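Participant: Structure file query36.cif (mmCIF, C-alpha atoms) right here:
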```cif
data_entry
loop_
_atom_site.label_atom_id
_atom_site.label_comp_id
_atom_site.auth_asym_id
_atom_site.auth_seq_id
_atom_site.Cartn_x
_atom_site.Cartn_y
_atom_site.Cartn_z
CA MET A 11 -24.35 38.27 131.41
CA ASN A 12 -25.97 35.36 129.53
CA LYS A 13 -28.00 35.63 126.35
CA GLN A 14 -31.39 35.39 128.07
CA SER A 15 -30.50 38.16 130.53
CA THR A 16 -29.44 40.35 127.61
CA PHE A 17 -32.84 39.83 126.01
CA LEU A 18 -34.63 40.72 129.24
CA ASN A 19 -32.67 43.96 129.57
CA LYS A 20 -32.92 44.98 125.92
CA ARG A 21 -34.82 48.18 125.16
CA TYR A 22 -37.94 47.82 123.04
CA ILE A 23 -40.40 50.35 121.61
CA PHE A 24 -42.48 50.53 124.79
CA SER A 25 -40.08 48.79 127.17
CA GLY A 26 -40.94 49.80 130.73
CA LYS A 27 -43.96 51.82 129.56
CA LEU A 28 -46.79 49.36 130.07
CA TYR A 29 -48.85 52.14 131.63
CA ILE A 30 -48.83 53.79 128.18
CA VAL A 31 -49.26 50.87 125.81
CA ILE A 32 -52.11 49.11 127.67
CA PRO A 33 -54.45 52.16 127.71
CA LEU A 34 -53.59 52.84 124.06
CA LEU A 35 -54.43 49.27 123.08
CA LEU A 36 -57.67 49.35 125.08
CA LEU A 37 -58.71 52.55 123.31
CA LEU A 38 -57.77 51.07 119.93
CA LEU A 39 -59.73 47.91 120.70
CA LEU A 40 -62.80 49.95 121.67
CA ALA A 41 -62.46 52.07 118.53
CA MET A 42 -62.20 49.00 116.29
CA LEU A 43 -65.26 47.44 117.93
CA ILE A 44 -67.27 50.60 117.23
CA VAL A 45 -66.04 50.67 113.62
CA SER A 46 -66.96 46.98 113.26
CA PHE A 47 -70.51 47.75 114.43
CA MET A 48 -70.74 50.49 111.79
CA LEU A 49 -69.37 48.70 108.72
CA GLY A 50 -70.91 45.83 106.79
CA VAL A 51 -73.34 45.16 103.95
CA ASN A 52 -75.18 48.21 105.25
CA ASN A 53 -73.12 50.96 106.88
CA TYR A 54 -74.49 52.78 109.91
CA SER A 55 -73.52 56.09 111.44
CA PHE A 56 -72.02 56.44 114.90
CA GLN A 57 -75.27 58.03 116.04
CA THR A 58 -77.20 54.92 114.98
CA ILE A 59 -74.78 52.72 116.93
CA TYR A 60 -75.15 54.96 119.97
CA ASP A 61 -78.94 54.88 119.74
CA ALA A 62 -78.97 51.08 119.36
CA LEU A 63 -76.90 50.75 122.53
CA PHE A 64 -78.50 53.37 124.76
CA HIS A 65 -81.84 54.28 123.15
CA TYR A 66 -82.94 50.96 121.69
CA ARG A 67 -86.06 50.79 119.54
CA ASP A 68 -87.53 47.72 117.85
CA ILE A 69 -86.41 48.67 114.34
CA SER A 70 -84.32 46.71 111.83
CA GLU A 71 -81.16 48.83 112.18
CA HIS A 72 -81.07 48.47 115.96
CA ASN A 73 -81.86 44.75 115.78
CA ILE A 74 -79.07 44.11 113.27
CA ILE A 75 -76.55 45.99 115.41
CA ARG A 76 -77.55 44.41 118.71
CA ASP A 77 -78.37 40.86 117.66
CA ILE A 78 -76.00 40.24 114.75
CA ARG A 79 -73.03 42.60 114.65
CA MET A 80 -72.38 43.04 118.36
CA PRO A 81 -72.19 39.33 119.31
CA ARG A 82 -70.18 38.61 116.15
CA GLU A 83 -67.52 41.24 116.84
CA ILE A 84 -67.34 40.56 120.56
CA ALA A 85 -66.77 36.92 119.63
CA ALA A 86 -64.01 37.98 117.21
CA MET A 87 -62.38 39.98 120.00
CA LEU A 88 -62.54 37.10 122.50
CA VAL A 89 -61.31 34.51 120.00
CA GLY A 90 -58.42 36.74 118.97
CA MET A 91 -57.48 37.31 122.61
CA SER A 92 -57.66 33.55 123.29
CA LEU A 93 -55.51 32.54 120.33
CA ALA A 94 -52.89 35.25 120.92
CA CYS A 95 -52.62 34.41 124.62
CA THR A 96 -52.43 30.70 123.80
CA GLY A 97 -49.70 31.27 121.23
CA ALA A 98 -47.61 33.40 123.59
CA VAL A 99 -47.86 30.82 126.37
CA MET A 100 -47.06 27.86 124.12
CA GLN A 101 -44.03 29.66 122.69
CA GLY A 102 -42.83 30.17 126.25
CA VAL A 103 -43.57 26.64 127.45
CA THR A 104 -41.99 24.89 124.45
CA LYS A 105 -39.32 27.57 123.86
CA ASN A 106 -40.36 27.36 120.24
CA PRO A 107 -40.86 30.73 118.49
CA LEU A 108 -42.95 28.98 115.83
CA ALA A 109 -45.51 27.53 118.23
CA ASP A 110 -49.14 28.27 117.40
CA PRO A 111 -52.39 26.59 118.53
CA ALA A 112 -53.10 25.48 114.96
CA LEU A 113 -49.53 24.28 114.39
CA ILE A 114 -49.22 22.12 117.52
CA GLY A 115 -52.44 20.16 117.24
CA LEU A 116 -54.74 22.14 119.54
CA ASN A 117 -57.09 23.46 116.86
CA SER A 118 -57.22 20.24 114.87
CA GLY A 119 -57.83 18.22 118.02
CA ALA A 120 -60.65 20.55 119.02
CA ALA A 121 -62.15 20.29 115.53
CA LEU A 122 -62.03 16.48 115.77
CA GLY A 123 -63.77 16.53 119.14
CA ILE A 124 -66.53 18.75 117.77
CA SER A 125 -66.95 16.56 114.66
CA ILE A 126 -67.36 13.47 116.85
CA LEU A 127 -69.94 15.30 118.95
CA PHE A 128 -71.93 16.29 115.85
CA ALA A 129 -71.77 12.71 114.58
CA PHE A 130 -73.36 11.17 117.65
CA THR A 131 -75.40 14.03 119.14
CA ARG A 132 -77.82 16.00 117.05
CA GLY A 133 -78.61 19.50 118.26
CA ALA A 134 -75.91 19.63 120.95
CA ASN A 135 -75.91 22.82 123.02
CA PHE A 136 -72.99 25.19 122.91
CA PHE A 137 -71.59 24.13 126.30
CA ALA A 138 -71.31 20.56 124.98
CA ILE A 139 -69.50 21.90 121.90
CA ILE A 140 -67.05 23.78 124.15
CA LEU A 141 -66.44 20.63 126.21
CA ALA A 142 -65.88 18.53 123.08
CA GLY A 143 -63.45 21.13 121.76
CA PHE A 144 -61.53 21.16 125.04
CA ILE A 145 -61.23 17.36 125.16
CA GLY A 146 -60.13 17.26 121.54
CA ALA A 147 -57.54 19.99 122.14
CA ILE A 148 -56.12 17.97 125.04
CA VAL A 149 -55.77 14.92 122.80
CA GLY A 150 -54.19 16.78 119.87
CA GLY A 151 -51.89 18.96 121.97
CA THR A 152 -50.74 16.10 124.18
CA ILE A 153 -49.82 13.92 121.20
CA VAL A 154 -47.79 16.71 119.60
CA LEU A 155 -46.01 17.68 122.83
CA ILE A 156 -45.09 14.05 123.58
CA LEU A 157 -43.74 13.57 120.07
CA GLY A 158 -41.87 16.89 120.37
CA LEU A 159 -39.93 15.88 123.46
CA SER A 160 -36.19 15.39 122.97
CA LYS A 161 -34.15 12.68 124.63
CA LYS A 162 -33.00 15.21 127.23
CA GLY A 163 -36.60 15.87 128.31
CA GLY A 164 -36.91 19.29 126.69
CA PHE A 165 -38.90 20.32 123.62
CA ASN A 166 -37.18 20.07 120.26
CA THR A 167 -38.24 22.77 117.78
CA MET A 168 -37.90 20.60 114.68
CA ARG A 169 -39.75 17.70 116.28
CA ILE A 170 -42.64 19.92 117.37
CA ILE A 171 -42.98 21.45 113.89
CA LEU A 172 -42.95 18.05 112.17
CA ALA A 173 -45.18 16.42 114.78
CA GLY A 174 -47.59 19.35 114.70
CA ALA A 175 -47.89 19.25 110.92
CA ALA A 176 -48.37 15.48 110.83
CA VAL A 177 -50.80 15.24 113.76
CA SER A 178 -52.83 18.27 112.65
CA SER A 179 -53.22 16.86 109.13
CA LEU A 180 -54.20 13.45 110.51
CA LEU A 181 -56.75 14.77 112.99
CA LEU A 182 -58.31 17.13 110.44
CA ALA A 183 -58.55 14.28 107.94
CA ILE A 184 -60.28 12.08 110.53
CA ALA A 185 -62.63 14.94 111.43
CA GLU A 186 -63.49 15.43 107.75
CA GLY A 187 -64.02 11.72 107.27
CA ILE A 188 -66.37 11.56 110.26
CA SER A 189 -68.32 14.55 108.95
CA LEU A 190 -68.71 12.96 105.52
CA TYR A 191 -69.61 9.51 106.85
CA PHE A 192 -72.23 10.78 109.28
CA ARG A 193 -73.37 13.52 106.85
CA THR A 194 -72.72 16.32 109.31
CA ASN A 195 -70.46 18.28 106.95
CA GLN A 196 -72.87 21.22 106.83
CA SER A 197 -72.80 21.51 110.63
CA SER A 198 -69.01 21.17 110.58
CA MET A 199 -68.43 23.66 107.75
CA LEU A 200 -67.97 26.64 110.10
CA TRP A 201 -65.36 24.82 112.14
CA SER A 202 -63.34 23.86 109.06
CA SER A 203 -63.35 27.27 107.35
CA GLY A 204 -63.18 29.47 110.44
CA GLY A 205 -65.23 32.55 111.21
CA VAL A 206 -67.47 34.21 113.77
CA ALA A 207 -70.51 34.84 111.57
CA GLY A 208 -73.69 33.68 113.27
CA THR A 209 -72.40 33.96 116.83
CA THR A 210 -75.24 34.50 119.29
CA TRP A 211 -75.52 36.04 122.73
CA THR A 212 -76.27 32.56 124.10
CA GLN A 213 -72.93 31.29 122.85
CA LEU A 214 -71.18 34.30 124.35
CA LYS A 215 -72.93 33.64 127.67
CA TYR A 216 -71.20 30.26 127.87
CA ALA A 217 -67.86 31.14 126.27
CA SER A 218 -66.97 34.61 127.53
CA PRO A 219 -66.74 33.76 131.28
CA ILE A 220 -64.46 30.80 130.52
CA ILE A 221 -62.19 32.84 128.25
CA LEU A 222 -61.95 35.83 130.59
CA ILE A 223 -61.35 33.74 133.75
CA VAL A 224 -58.63 31.65 132.08
CA ILE A 225 -56.91 34.69 130.55
CA ILE A 226 -56.93 36.54 133.89
CA PHE A 227 -55.44 33.47 135.61
CA VAL A 228 -52.75 33.18 132.92
CA LEU A 229 -51.87 36.86 133.37
CA LEU A 230 -51.60 36.41 137.14
CA ILE A 231 -49.12 33.54 136.87
CA GLY A 232 -47.47 34.70 133.64
CA HIS A 233 -44.28 35.77 135.43
CA LYS A 234 -43.41 32.08 135.81
CA LEU A 235 -42.97 31.89 132.03
CA THR A 236 -40.33 34.61 132.24
CA VAL A 237 -38.43 32.51 134.77
CA LEU A 238 -38.87 29.47 132.53
CA SER A 239 -37.33 31.39 129.62
CA LEU A 240 -34.10 31.79 131.60
CA GLY A 241 -33.41 28.09 131.19
CA ASP A 242 -34.35 24.92 133.02
CA GLU A 243 -31.34 24.93 135.33
CA MET A 244 -31.81 28.52 136.48
CA ALA A 245 -35.57 28.03 136.85
CA GLN A 246 -35.03 24.99 139.03
CA GLY A 247 -32.46 26.95 141.04
CA LEU A 248 -35.15 29.55 141.71
CA GLY A 249 -37.45 26.85 143.05
CA VAL A 250 -39.74 26.49 140.03
CA ASN A 251 -41.28 23.07 139.48
CA LEU A 252 -40.87 22.80 135.71
CA THR A 253 -43.17 19.82 135.22
CA SER A 254 -46.11 21.29 137.11
CA ILE A 255 -45.71 24.71 135.47
CA ARG A 256 -45.67 23.21 131.99
CA ILE A 257 -48.70 21.03 132.73
CA ILE A 258 -50.69 23.94 134.19
CA PHE A 259 -49.94 26.28 131.30
CA SER A 260 -50.58 23.54 128.73
CA LEU A 261 -54.00 22.77 130.23
CA LEU A 262 -54.92 26.45 130.34
CA THR A 263 -54.00 26.91 126.68
CA MET A 264 -55.99 23.82 125.76
CA VAL A 265 -59.05 25.34 127.43
CA LEU A 266 -58.61 28.58 125.49
CA ALA A 267 -57.99 26.79 122.21
CA GLY A 268 -60.98 24.50 122.70
CA VAL A 269 -63.34 27.40 123.39
CA ALA A 270 -61.90 29.46 120.52
CA VAL A 271 -62.41 26.62 118.03
CA ALA A 272 -65.94 26.03 119.35
CA MET A 273 -66.73 29.68 118.64
CA ALA A 274 -64.85 30.37 115.43
CA GLY A 275 -63.44 27.17 114.00
CA SER A 276 -59.79 26.53 113.24
CA LEU A 277 -57.96 29.84 112.71
CA ALA A 278 -54.24 29.48 112.12
CA PHE A 279 -51.38 31.97 112.55
CA VAL A 280 -53.05 34.38 115.03
CA GLY A 281 -51.20 32.75 117.93
CA LEU A 282 -48.02 32.70 115.88
CA MET A 283 -47.90 36.31 114.66
CA ILE A 284 -49.31 38.37 117.51
CA PRO A 285 -46.85 37.35 120.29
CA HIS A 286 -43.93 38.31 118.03
CA ILE A 287 -45.48 41.72 117.35
CA ALA A 288 -45.98 42.15 121.09
CA ARG A 289 -42.31 41.32 121.70
CA LEU A 290 -41.31 44.15 119.38
CA LEU A 291 -43.33 46.53 121.57
CA VAL A 292 -42.56 45.43 125.14
CA GLY A 293 -39.89 42.73 125.02
CA VAL A 294 -39.83 39.16 126.29
CA ASP A 295 -40.88 39.71 129.91
CA TYR A 296 -44.14 37.77 130.10
CA ARG A 297 -45.59 40.12 132.72
CA LYS A 298 -45.73 42.68 129.89
CA LEU A 299 -45.88 40.38 126.89
CA LEU A 300 -49.04 38.46 127.82
CA PRO A 301 -51.42 41.41 128.35
CA VAL A 302 -50.12 43.22 125.26
CA ALA A 303 -50.35 40.11 123.07
CA THR A 304 -53.86 39.38 124.37
CA LEU A 305 -55.14 42.85 123.49
CA LEU A 306 -53.37 42.84 120.12
CA GLY A 307 -55.01 39.51 119.32
CA GLY A 308 -58.45 40.94 119.96
CA ILE A 309 -57.72 43.99 117.81
CA PHE A 310 -56.26 41.89 115.00
CA LEU A 311 -59.18 39.48 114.67
CA VAL A 312 -61.77 42.28 114.83
CA CYS A 313 -59.90 44.03 111.99
CA ALA A 314 -59.69 40.77 110.03
CA ASP A 315 -63.43 40.19 110.41
CA ILE A 316 -64.17 43.76 109.27
CA LEU A 317 -62.05 43.12 106.17
CA ALA A 318 -63.83 39.80 105.58
CA ARG A 319 -67.22 41.52 105.69
CA MET A 320 -66.09 44.32 103.41
CA MET A 321 -64.92 41.69 100.88
CA GLY A 322 -68.38 40.12 100.67
CA GLU A 323 -68.23 37.78 103.66
CA SER A 324 -64.97 36.14 102.65
CA PRO A 325 -63.73 33.43 105.05
CA VAL A 326 -61.83 35.21 107.79
CA GLY A 327 -59.50 32.21 108.05
CA ALA A 328 -58.38 32.73 104.46
CA ILE A 329 -57.65 36.41 105.08
CA ILE A 330 -55.58 35.58 108.16
CA SER A 331 -53.68 32.91 106.23
CA ILE A 332 -52.78 35.38 103.47
CA ILE A 333 -51.03 37.44 106.15
CA GLY A 334 -49.85 34.52 108.27
CA VAL A 335 -48.09 32.35 105.70
CA PRO A 336 -45.53 35.02 104.67
CA PHE A 337 -45.03 35.85 108.36
CA PHE A 338 -44.38 32.16 109.10
CA ILE A 339 -41.85 31.92 106.27
CA TYR A 340 -40.15 35.08 107.54
CA LEU A 341 -39.89 33.62 111.06
CA VAL A 342 -38.48 30.33 109.79
CA ARG A 343 -35.78 32.22 107.86
CA LYS A 344 -35.06 34.52 110.79
CA VAL A 345 -34.91 32.12 113.74
CA GLY A 346 -34.06 28.91 111.92
CA ILE A 347 -35.01 25.47 113.23
CA SER A 348 -32.89 22.82 114.85
#
```
Rewrite the structure of this file - the entire thing - as structure tokens.

Facilitator:
Amino acid sequence: MNKQSTFLNKRYIFSGKLYIVIPLLLLLLLAMLIVSFMLGVNNYSFQTIYDALFHYRDISEHNIIRDIRMPREIAAMLVGMSLACTGAVMQGVTKNPLADPALIGLNSGAALGISILFAFTRGANFFAIILAGFIGAIVGGTIVLILGLSKKGGFNTMRIILAGAAVSSLLLAIAEGISLYFRTNQSSMLWSSGGVAGTTWTQLKYASPIILIVIIFVLLIGHKLTVLSLGDEMAQGLGVNLTSIRIIFSLLTMVLAGVAVAMAGSLAFVGLMIPHIARLLVGVDYRKLLPVATLLGGIFLVCADILARMMGESPVGAIISIIGVPFFIYLVRKVGIS
């Protein structure tokens, strides 16, 4: 039995018990959303939250809950789900355990696209911002993936890490330069620091259908990533077209990354950490890994945003980085790079 088969058959905490872990995660996600509606500068009781949802009155408490906290936390959930799903897919496509949307150029490319849009179009609507983020993510991700290819046609872990760091730094520098030159740095501030504060229902109306449709499609075809993880030769022997699968998954992750950056700016490490936590729970079979990682991502970012609010509206990106950097160092020491 080869090494990959051993991994697939290894017992994990909830291995083979997806019917248990998914409902638990859904309940936890719902609970964290309710808690996030309750906590903030002003704390509200559960009864107030219930009344705002089902017995709405035109009073300040109900307006704050429905028009400020609810869209903000739903956005945090969707962005977390997008980044975690993107990270899991990219780790499978590149066979790089350190892959993350922010580390392989997707987030920086999306930020560049949005900066260019702000420079030449004043008052762009949110759909245009999403489109600019998607195009930018394609540019950034494609450059990194091309530079990360080895001579044998596969992805080289070391090359992807180095290319991702270099390309991300370059694209972010260009985005910052454009913002300064065209004096749009105030409009671009959210996308450089990261956060979901100020999200509106109108933005969710555009973003949520895209995110949910793409995630559902990824979950439906996620089993192909499990086959891909068995190795190129075995995957080809099973009739899998490696090139088309990699292109399809790469495009889907670029859509998710572009929308996520349009909503919340560049948030690193969510797509890196969450898939590894999901693997501890259900293993490396992507039929289980993808839904678990997606839900964990939503839970994680909602919790991070609650913490950011409780710390006086600290940048949520900074809070995630405080957790993510040690996790990244731990992974580098554990898996090594070659």

Participant: Would you compute the distance between CA of Ile32 (chain A) and CA of Phe227 (chain A)? Give it in Å to one decimal.

Facilitator: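 Straight-line distance from CA of Ile32 (chain A) to CA of Phe227 (chain A) works out to 17.9 Å.
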
Participant: Report as a tab-separated table the residues of region 213-284 of chain A within 8 Å of region 318-342 of chain A, each with its shortest atom pair and distance in Å (one decimal), using only C-alpha atoms, ordered by chain and increasing residue number.

Facilitator:
```
residue	atom	partner	partner_atom	distance
A:Ser276	CA	A:Gly327	CA	7.7
A:Leu277	CA	A:Gly327	CA	5.5
A:Ala278	CA	A:Ser331	CA	6.8
A:Phe279	CA	A:Gly334	CA	5.2
A:Val280	CA	A:Ile330	CA	7.4
A:Leu282	CA	A:Phe338	CA	7.7
A:Met283	CA	A:Gly334	CA	6.9
```

Participant: Need to verify the contact set: region 299-309 of chain A, 6 Å, all atoms listed in the file, exclusion of same-chain residues closer than 3 positions in sequence. Can you return it as a VMD selection string?

Facilitator: chain A and resid 39 87 90 to 91 94 to 95 284 to 285 288 295 to 296 312

Participant: How would the residues just picked look written out with C-alpha atoms as a short mmCIF file (atom, residue, chain, number, x, y, z; two decimals), in the coordinates of the input?

Facilitator:
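Resulting contents of out.cif:
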```
data_model
loop_
_atom_site.label_atom_id
_atom_site.label_comp_id
_atom_site.auth_asym_id
_atom_site.auth_seq_id
_atom_site.Cartn_x
_atom_site.Cartn_y
_atom_site.Cartn_z
CA LEU A 39 -59.73 47.91 120.70
CA MET A 87 -62.38 39.98 120.00
CA GLY A 90 -58.42 36.74 118.97
CA MET A 91 -57.48 37.31 122.61
CA ALA A 94 -52.89 35.25 120.92
CA CYS A 95 -52.62 34.41 124.62
CA ILE A 284 -49.31 38.37 117.51
CA PRO A 285 -46.85 37.35 120.29
CA ALA A 288 -45.98 42.15 121.09
CA ASP A 295 -40.88 39.71 129.91
CA TYR A 296 -44.14 37.77 130.10
CA VAL A 312 -61.77 42.28 114.83
#
```

Participant: How many Å lie between CA of Ala112 (chain A) and CA of Ala134 (chain A), rounded to one decimal?

Facilitator: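 That distance, rounded to one decimal, is 24.3 Å.
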
Participant: For CA of Ala175 (chain A) and CA of Ile114 (chain A), determine how far apart the two atoms are, in Å to one decimal place.

Facilitator: 7.3 Å

Participant: Using all atoms listed in the file, which residues sit within 12 Å of Trp211 (chain A) once same-chain residues fewer than 5 positions away are excluded, as a list in words?

Facilitator: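 Using all atoms listed in the file, the neighbours found are Arg76, Asp77, Ile78, Arg79, Met80, Pro81, Arg82, Glu83, Ile84, Ala85, Phe136, Tyr216, Ala217, Ser218 and Met273 of chain A.
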
Participant: I'd like the residues picked by the PyMOL selection byres ((chain A and resi 104) around 12) written out as an NGL selection string, using the chain letters and numbers from the file.

Facilitator: :A and (96-103 or 105-110 or 114 or 151 or 154-156 or 158-160 or 163-171 or 235 or 238-239 or 241-242 or 252-253 or 255-257 or 259-260)

Participant: Please put the answer as JSON: centre and edge lengths, in Å with one decimal, of a box along x, y and z that encloses all listed atoms of region 219-230 of chain A plus 4 Å on each side.

Facilitator:
```
{"center_x": -59.2, "center_y": 33.8, "center_z": 132.7, "size_x": 23.1, "size_y": 14.1, "size_z": 16.9}
```

Participant: Counting all atoms listed in the file, figure out which residue out of A:Leu88, A:Leu230, A:Gly268, A:Leu172 gets nearest to Gly123 (chain A).

Facilitator: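 Ranked by minimum distance to Gly123 (chain A), first place goes to A:Gly268.
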
Participant: I need the residue nearest Leu49 (chain A) from this list: A:Val177, A:Ile74, A:Ile153, A:Leu37. Use only C-alpha atoms for the distance.

Facilitator: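 Answer, going by the shortest atom-to-atom distance: A:Ile74.
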
Participant: Using all atoms listed in the file, which of the listed residues (A:Pro111, A:Leu122, A:Leu28, A:Leu38) sits closest to Gly293 (chain A)?

Facilitator: A:Leu28

Participant: Written as a list in words, which residues does the PyMOL selection byres ((chain A and resi 57) around 12) give for the file shown?

Facilitator: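 Output from the PyMOL selection byres ((chain A and resi 57) around 12), applied to this file: Ile44, Phe47, Met48, Asn53, Tyr54, Ser55, Phe56, Thr58, Ile59, Tyr60, Asp61, Ala62, Leu63, Phe64, His65, Tyr66, Glu71 and His72 of chain A.
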
Participant: Could you tell me which of A:Thr131, A:Ser92, A:Ser178, A:Ser189 comes closest to Leu116 (chain A) if we count all atoms listed in the file?

Facilitator: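 For Leu116 (chain A), the nearest of the given residues is A:Ser178.
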
Participant: Go through the shown structure with the PyMOL selection byres ((chain A and resi 206) around 6) and write out the matching residues as a list in words.

Facilitator: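 Those residues are Arg82, Gly205, Ala207, Thr209 and Ala274 of chain A.
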